[in-house]
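Shown here: start08.txt, compact mmCIF, N, CA and C atoms.
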# COMPACT_ATOMS: atom_id res chain seq x y z
N MET A 20 -14.77 9.78 -22.70
CA MET A 20 -13.87 9.55 -21.58
C MET A 20 -12.50 10.11 -21.92
N VAL A 21 -11.90 10.74 -20.96
CA VAL A 21 -10.59 11.34 -21.13
C VAL A 21 -9.52 10.27 -20.95
N ALA A 22 -8.54 10.25 -21.86
CA ALA A 22 -7.43 9.31 -21.75
C ALA A 22 -6.39 9.89 -20.78
N GLU A 23 -5.80 9.00 -19.98
CA GLU A 23 -4.76 9.40 -19.03
C GLU A 23 -3.73 8.30 -18.94
N ALA A 24 -2.50 8.69 -18.57
CA ALA A 24 -1.40 7.73 -18.42
C ALA A 24 -0.99 7.70 -16.95
N PRO A 25 -1.51 6.74 -16.18
CA PRO A 25 -1.19 6.69 -14.74
C PRO A 25 0.23 6.24 -14.45
N MET A 26 0.88 5.59 -15.43
CA MET A 26 2.28 5.19 -15.30
C MET A 26 2.79 4.91 -16.71
N PRO A 27 4.10 4.92 -16.93
CA PRO A 27 4.62 4.63 -18.27
C PRO A 27 4.15 3.27 -18.77
N GLY A 28 3.72 3.22 -20.02
CA GLY A 28 3.30 1.97 -20.64
C GLY A 28 1.83 1.65 -20.49
N ILE A 29 1.09 2.50 -19.78
CA ILE A 29 -0.35 2.26 -19.57
C ILE A 29 -1.13 3.51 -19.93
N MET A 30 -2.18 3.32 -20.70
CA MET A 30 -3.12 4.39 -21.03
C MET A 30 -4.51 3.88 -20.64
N ARG A 31 -5.30 4.72 -19.98
CA ARG A 31 -6.64 4.29 -19.60
C ARG A 31 -7.65 5.41 -19.79
N ARG A 32 -8.88 4.97 -19.96
CA ARG A 32 -10.04 5.86 -19.96
C ARG A 32 -11.03 5.23 -18.99
N ARG A 33 -11.65 6.04 -18.14
CA ARG A 33 -12.52 5.43 -17.13
C ARG A 33 -13.74 6.27 -16.82
N ILE A 34 -14.72 5.56 -16.32
CA ILE A 34 -15.94 6.16 -15.81
C ILE A 34 -16.01 5.82 -14.33
N ILE A 35 -16.14 6.85 -13.50
CA ILE A 35 -16.19 6.65 -12.06
C ILE A 35 -17.62 6.94 -11.60
N GLY A 36 -18.30 5.89 -11.12
CA GLY A 36 -19.66 6.02 -10.62
C GLY A 36 -19.68 6.08 -9.11
N GLU A 37 -20.87 5.98 -8.56
CA GLU A 37 -21.03 6.04 -7.11
C GLU A 37 -20.55 4.76 -6.43
N LYS A 38 -20.80 3.60 -7.05
CA LYS A 38 -20.47 2.32 -6.41
C LYS A 38 -19.48 1.48 -7.20
N ALA A 39 -19.14 1.90 -8.42
CA ALA A 39 -18.20 1.12 -9.23
C ALA A 39 -17.45 2.05 -10.18
N MET A 40 -16.32 1.56 -10.67
CA MET A 40 -15.51 2.28 -11.64
C MET A 40 -15.15 1.28 -12.75
N VAL A 41 -15.30 1.71 -14.00
CA VAL A 41 -14.96 0.88 -15.15
C VAL A 41 -13.87 1.60 -15.94
N SER A 42 -12.78 0.88 -16.21
CA SER A 42 -11.65 1.45 -16.94
C SER A 42 -11.36 0.62 -18.19
N ASP A 43 -11.16 1.32 -19.29
CA ASP A 43 -10.66 0.71 -20.53
C ASP A 43 -9.16 0.95 -20.51
N VAL A 44 -8.37 -0.12 -20.36
CA VAL A 44 -6.94 0.00 -20.12
C VAL A 44 -6.16 -0.61 -21.29
N ARG A 45 -5.16 0.13 -21.77
CA ARG A 45 -4.24 -0.38 -22.79
C ARG A 45 -2.86 -0.43 -22.18
N ILE A 46 -2.22 -1.59 -22.32
CA ILE A 46 -0.93 -1.83 -21.67
C ILE A 46 0.07 -2.28 -22.73
N GLU A 47 1.21 -1.60 -22.79
CA GLU A 47 2.24 -1.95 -23.77
C GLU A 47 2.99 -3.20 -23.34
N LYS A 48 3.38 -4.00 -24.33
CA LYS A 48 4.18 -5.20 -24.08
C LYS A 48 5.39 -4.84 -23.22
N GLY A 49 5.63 -5.65 -22.19
CA GLY A 49 6.77 -5.44 -21.31
C GLY A 49 6.49 -4.54 -20.12
N CYS A 50 5.37 -3.85 -20.12
CA CYS A 50 5.03 -2.97 -19.00
C CYS A 50 4.78 -3.82 -17.75
N GLU A 51 5.46 -3.46 -16.67
CA GLU A 51 5.31 -4.18 -15.41
C GLU A 51 4.50 -3.36 -14.42
N VAL A 52 3.48 -3.99 -13.87
CA VAL A 52 2.69 -3.37 -12.80
C VAL A 52 3.27 -3.90 -11.49
N PRO A 53 3.83 -3.02 -10.66
CA PRO A 53 4.48 -3.48 -9.43
C PRO A 53 3.48 -4.14 -8.46
N TRP A 54 4.02 -4.98 -7.61
CA TRP A 54 3.22 -5.65 -6.58
C TRP A 54 2.54 -4.60 -5.72
N HIS A 55 1.25 -4.79 -5.49
CA HIS A 55 0.48 -3.84 -4.68
C HIS A 55 -0.80 -4.52 -4.21
N GLN A 56 -1.52 -3.83 -3.39
CA GLN A 56 -2.86 -4.26 -2.99
C GLN A 56 -3.68 -3.02 -2.72
N HIS A 57 -4.99 -3.19 -2.72
CA HIS A 57 -5.90 -2.08 -2.47
C HIS A 57 -7.17 -2.65 -1.87
N PRO A 58 -7.95 -1.82 -1.20
CA PRO A 58 -9.17 -2.32 -0.57
C PRO A 58 -10.28 -2.65 -1.58
N ASN A 59 -10.13 -2.17 -2.81
CA ASN A 59 -11.17 -2.38 -3.82
C ASN A 59 -11.20 -3.81 -4.33
N GLU A 60 -12.39 -4.32 -4.57
CA GLU A 60 -12.56 -5.55 -5.33
C GLU A 60 -12.29 -5.19 -6.79
N GLN A 61 -11.61 -6.07 -7.52
CA GLN A 61 -11.25 -5.79 -8.92
C GLN A 61 -11.61 -6.98 -9.79
N ILE A 62 -12.20 -6.70 -10.94
CA ILE A 62 -12.46 -7.71 -11.95
C ILE A 62 -11.77 -7.24 -13.22
N ALA A 63 -10.84 -8.06 -13.73
CA ALA A 63 -10.09 -7.72 -14.94
C ALA A 63 -10.56 -8.63 -16.07
N ILE A 64 -10.94 -8.03 -17.19
CA ILE A 64 -11.41 -8.76 -18.36
C ILE A 64 -10.46 -8.44 -19.50
N VAL A 65 -9.74 -9.43 -20.00
CA VAL A 65 -8.78 -9.21 -21.08
C VAL A 65 -9.52 -9.28 -22.41
N LEU A 66 -9.38 -8.22 -23.20
CA LEU A 66 -10.02 -8.15 -24.52
C LEU A 66 -9.05 -8.51 -25.63
N GLU A 67 -7.78 -8.12 -25.47
CA GLU A 67 -6.76 -8.37 -26.49
C GLU A 67 -5.42 -8.61 -25.80
N GLY A 68 -4.57 -9.44 -26.39
CA GLY A 68 -3.22 -9.66 -25.88
C GLY A 68 -3.17 -10.68 -24.77
N ARG A 69 -2.02 -10.69 -24.07
CA ARG A 69 -1.79 -11.62 -22.96
C ARG A 69 -1.17 -10.89 -21.78
N LEU A 70 -1.69 -11.17 -20.59
CA LEU A 70 -1.20 -10.58 -19.35
C LEU A 70 -0.80 -11.68 -18.38
N GLN A 71 0.32 -11.48 -17.71
CA GLN A 71 0.70 -12.36 -16.61
C GLN A 71 0.33 -11.67 -15.31
N PHE A 72 -0.47 -12.33 -14.50
CA PHE A 72 -0.85 -11.81 -13.18
C PHE A 72 -0.29 -12.75 -12.13
N ASP A 73 0.40 -12.22 -11.13
CA ASP A 73 0.82 -12.98 -9.96
C ASP A 73 -0.04 -12.49 -8.80
N VAL A 74 -0.67 -13.44 -8.11
CA VAL A 74 -1.65 -13.11 -7.06
C VAL A 74 -1.28 -13.83 -5.78
N ALA A 75 -1.33 -13.12 -4.65
CA ALA A 75 -1.05 -13.71 -3.35
C ALA A 75 -2.09 -14.78 -3.02
N THR A 76 -1.63 -15.85 -2.39
CA THR A 76 -2.52 -16.91 -1.94
C THR A 76 -2.64 -16.86 -0.42
N PRO A 77 -3.71 -17.42 0.15
CA PRO A 77 -3.91 -17.36 1.60
C PRO A 77 -2.77 -17.98 2.41
N ASP A 78 -2.02 -18.92 1.82
CA ASP A 78 -0.93 -19.57 2.56
C ASP A 78 0.39 -18.80 2.48
N GLY A 79 0.36 -17.60 1.91
CA GLY A 79 1.56 -16.77 1.83
C GLY A 79 2.35 -16.94 0.55
N GLY A 80 1.89 -17.80 -0.34
CA GLY A 80 2.57 -17.98 -1.62
C GLY A 80 1.97 -17.08 -2.69
N THR A 81 2.27 -17.40 -3.93
CA THR A 81 1.68 -16.68 -5.06
C THR A 81 1.21 -17.69 -6.10
N ARG A 82 0.22 -17.28 -6.85
CA ARG A 82 -0.26 -18.09 -7.97
C ARG A 82 -0.15 -17.24 -9.23
N ARG A 83 0.37 -17.83 -10.29
CA ARG A 83 0.55 -17.13 -11.56
C ARG A 83 -0.58 -17.49 -12.51
N TYR A 84 -1.15 -16.46 -13.13
CA TYR A 84 -2.18 -16.62 -14.15
C TYR A 84 -1.67 -16.00 -15.45
N ILE A 85 -1.86 -16.68 -16.55
CA ILE A 85 -1.60 -16.11 -17.86
C ILE A 85 -2.97 -15.91 -18.50
N LEU A 86 -3.35 -14.66 -18.66
CA LEU A 86 -4.67 -14.32 -19.17
C LEU A 86 -4.58 -13.92 -20.63
N GLU A 87 -5.51 -14.43 -21.42
CA GLU A 87 -5.61 -14.12 -22.85
C GLU A 87 -6.98 -13.53 -23.13
N ALA A 88 -7.18 -13.07 -24.35
CA ALA A 88 -8.46 -12.48 -24.74
C ALA A 88 -9.61 -13.41 -24.34
N GLY A 89 -10.57 -12.83 -23.63
CA GLY A 89 -11.74 -13.59 -23.17
C GLY A 89 -11.63 -14.08 -21.75
N ASP A 90 -10.42 -14.02 -21.15
CA ASP A 90 -10.23 -14.47 -19.77
C ASP A 90 -10.62 -13.37 -18.78
N VAL A 91 -11.06 -13.80 -17.61
CA VAL A 91 -11.49 -12.89 -16.54
C VAL A 91 -10.80 -13.31 -15.25
N LEU A 92 -10.34 -12.33 -14.48
CA LEU A 92 -9.73 -12.60 -13.17
C LEU A 92 -10.42 -11.74 -12.13
N HIS A 93 -10.86 -12.38 -11.04
CA HIS A 93 -11.48 -11.68 -9.92
C HIS A 93 -10.45 -11.57 -8.79
N LEU A 94 -10.23 -10.35 -8.31
CA LEU A 94 -9.32 -10.10 -7.20
C LEU A 94 -10.11 -9.49 -6.05
N PRO A 95 -10.26 -10.21 -4.95
CA PRO A 95 -10.91 -9.62 -3.78
C PRO A 95 -10.08 -8.45 -3.25
N GLY A 96 -10.68 -7.59 -2.48
CA GLY A 96 -9.94 -6.49 -1.88
C GLY A 96 -8.84 -6.99 -0.96
N HIS A 97 -7.78 -6.21 -0.81
CA HIS A 97 -6.66 -6.47 0.10
C HIS A 97 -5.83 -7.69 -0.28
N VAL A 98 -5.90 -8.15 -1.53
CA VAL A 98 -5.09 -9.27 -1.99
C VAL A 98 -3.95 -8.73 -2.85
N GLY A 99 -2.72 -9.04 -2.48
CA GLY A 99 -1.56 -8.56 -3.22
C GLY A 99 -1.51 -9.15 -4.62
N HIS A 100 -1.06 -8.33 -5.57
CA HIS A 100 -0.96 -8.78 -6.96
C HIS A 100 -0.06 -7.83 -7.75
N GLY A 101 0.40 -8.32 -8.88
CA GLY A 101 1.22 -7.53 -9.80
C GLY A 101 1.29 -8.31 -11.10
N GLY A 102 1.92 -7.74 -12.09
CA GLY A 102 1.98 -8.46 -13.34
C GLY A 102 2.80 -7.76 -14.41
N VAL A 103 2.75 -8.37 -15.60
CA VAL A 103 3.47 -7.84 -16.75
C VAL A 103 2.67 -8.17 -18.01
N ALA A 104 2.71 -7.24 -18.97
CA ALA A 104 2.06 -7.48 -20.26
C ALA A 104 3.01 -8.31 -21.12
N LEU A 105 2.57 -9.48 -21.51
CA LEU A 105 3.38 -10.36 -22.37
C LEU A 105 3.25 -9.95 -23.83
N GLU A 106 2.21 -9.23 -24.16
CA GLU A 106 1.95 -8.67 -25.48
C GLU A 106 1.25 -7.33 -25.25
N ASP A 107 1.13 -6.51 -26.28
CA ASP A 107 0.28 -5.34 -26.16
C ASP A 107 -1.12 -5.83 -25.78
N CYS A 108 -1.73 -5.18 -24.80
CA CYS A 108 -3.00 -5.66 -24.26
C CYS A 108 -4.04 -4.55 -24.18
N ARG A 109 -5.27 -5.00 -24.19
CA ARG A 109 -6.40 -4.13 -23.87
C ARG A 109 -7.27 -4.90 -22.89
N ALA A 110 -7.66 -4.26 -21.81
CA ALA A 110 -8.47 -4.91 -20.79
C ALA A 110 -9.50 -3.94 -20.24
N ILE A 111 -10.54 -4.50 -19.66
CA ILE A 111 -11.53 -3.72 -18.91
C ILE A 111 -11.30 -4.07 -17.44
N ASP A 112 -11.12 -3.06 -16.61
CA ASP A 112 -11.02 -3.25 -15.16
C ASP A 112 -12.25 -2.66 -14.51
N ILE A 113 -12.85 -3.43 -13.61
CA ILE A 113 -13.99 -2.96 -12.83
C ILE A 113 -13.55 -2.95 -11.38
N PHE A 114 -13.70 -1.81 -10.73
CA PHE A 114 -13.34 -1.65 -9.32
C PHE A 114 -14.59 -1.28 -8.51
N SER A 115 -14.72 -1.88 -7.35
CA SER A 115 -15.78 -1.50 -6.42
C SER A 115 -15.21 -1.59 -5.01
N PRO A 116 -15.34 -0.55 -4.22
CA PRO A 116 -15.86 0.76 -4.61
C PRO A 116 -14.86 1.48 -5.52
N PRO A 117 -15.33 2.53 -6.19
CA PRO A 117 -14.43 3.29 -7.06
C PRO A 117 -13.41 4.07 -6.22
N SER A 118 -12.31 4.45 -6.86
CA SER A 118 -11.32 5.29 -6.19
C SER A 118 -10.55 6.07 -7.24
N GLU A 119 -10.10 7.24 -6.88
CA GLU A 119 -9.34 8.07 -7.81
C GLU A 119 -8.00 7.44 -8.16
N ALA A 120 -7.38 6.78 -7.18
CA ALA A 120 -6.06 6.16 -7.39
C ALA A 120 -6.19 4.65 -7.27
N THR A 121 -5.49 3.93 -8.13
CA THR A 121 -5.45 2.47 -8.06
C THR A 121 -3.99 2.04 -8.01
N GLY A 122 -3.75 0.75 -8.07
CA GLY A 122 -2.38 0.24 -7.99
C GLY A 122 -1.47 0.67 -9.11
N ILE A 123 -2.04 1.12 -10.25
CA ILE A 123 -1.20 1.54 -11.37
C ILE A 123 -0.88 3.03 -11.35
N ASP A 124 -1.48 3.75 -10.40
CA ASP A 124 -1.18 5.18 -10.30
C ASP A 124 0.12 5.36 -9.54
N GLN A 125 1.05 6.08 -10.12
CA GLN A 125 2.35 6.27 -9.49
C GLN A 125 2.24 6.89 -8.11
N SER A 126 1.19 7.68 -7.89
CA SER A 126 1.04 8.32 -6.59
C SER A 126 0.19 7.48 -5.64
N ALA A 127 -0.32 6.33 -6.09
CA ALA A 127 -1.19 5.51 -5.25
C ALA A 127 -0.39 4.85 -4.13
N SER A 128 -1.07 4.64 -3.02
CA SER A 128 -0.44 3.91 -1.92
C SER A 128 -0.27 2.45 -2.32
N LYS A 129 0.88 1.88 -2.04
CA LYS A 129 1.14 0.50 -2.38
C LYS A 129 0.85 -0.43 -1.21
N GLY A 130 0.33 0.09 -0.12
CA GLY A 130 0.08 -0.72 1.06
C GLY A 130 -1.25 -1.28 1.04

Translate this structure into structure tokens?
Amino acid sequence: MVAEAPMPGIMRRRIIGEKAMVSDVRIEKGCEVPWHQHPNEQIAIVLEGRLQFDVATPDGGTRRYILEAGDVLHLPGHVGHGGVALEDCRAIDIFSPPSEATGIDQSASKG
């Protein structure tokens, strides 16, 4: 898999299939992923480090998750979210359906 840097502080390698995409993502401590949403369902599996995820709730609020190695977060499509790496992290992201651009791509739509 080819390594790519979709934004400063993030390096990923991914496999894009017909119905799903799997990314091995490394995130530097302090890297902030801006608030965004996408139509894809996303499953994030933290392998190393700690990530803070803020996720929109149905009542218009947000819920904060602190994920550590072994934790998993499921994000349905069209749900706003963003976060920050509290430590250097490694995670696996699974997206369905796959897409060339995700919320961490600087050129991706944030809507």

Between A:His100, A:Val21, A:Leu94, A:Arg109, which residue has the minimum interatomic distance to Gln61 of chain A, considering all atoms listed in the file? A:Leu94

Determine, counting all atoms listed in the file, which protein, DNA and RNA residues have an atom within 8 Å of an atom of Ala24 of chain A; residues of the same chain fewer than 4 positions away are not included. Present the result as JSON, numbers by chain. {"A": [28, 29, 30, 31, 32, 123, 124, 125]}

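Relative to atom CA of Ile34 of chain A, atom CA of Gly101 of chain A is found at 22.8 Å.
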
Between atom CA of Asp78 of chain A and atom CA of Ala63 of chain A, distance in Å (one decimal): 23.0 Å

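Proximity ranking of A:Val52, A:Ala120, A:Ala75, A:Val65 relative to Glu87 of chain A places A:Val65 first, based on all atoms listed in the file.
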
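Compared by their closest atoms to Gly122 of chain A, and using only N, CA and C atoms, the residues A:Trp54, A:Ala104, A:Ala88, A:Ile62 rank with A:Trp54 nearest.
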
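Atom pair atom CA of Arg33 of chain A / atom C of Arg45 of chain A has a distance of 12.4 Å (rounded to one decimal).
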
Could you go through chain A and tell me which residues DSSP, when run on the backbone, assigns to strand (DSSP E or B), listing them as a VMD selection string? chain A and resid 22 to 26 29 to 35 40 to 46 51 to 55 60 to 67 69 to 75 81 to 87 91 to 94 100 to 104 108 to 115

Any chance you could work out the axis-aligned box around segment 95-109 of chain A, listed atoms only, 4 Å on each side, giving centre and edge lengths in Å to one decimal, as lines of an AutoDock Vina configuration file?
center_x = -3.7
center_y = -7.2
center_z = -13.1
size_x = 22.4
size_y = 14.2
size_z = 34.4

Residues within 5 Å of (3.9, 0.9, -15.7), file coordinates, counting all atoms listed in the file: what are they? Give the list as a PyMOL selection string. chain A and resi 26-28+51

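For the set A:Ala110, A:Thr121, A:Leu105, A:Leu86, the residue with the smallest atom-to-atom gap to Gly49 of chain A is A:Leu105, counting all atoms listed in the file.
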
Residue nearest His97 of chain A among A:Gly68, A:Pro116, A:Pro58, A:Gly80 (counting only C-alpha atoms): A:Pro58

Rank nothing, just name the residue among A:Ile85, A:Pro117, A:Asp112, A:Gly96 nearest to His55 of chain A, using only C-alpha atoms. A:Gly96
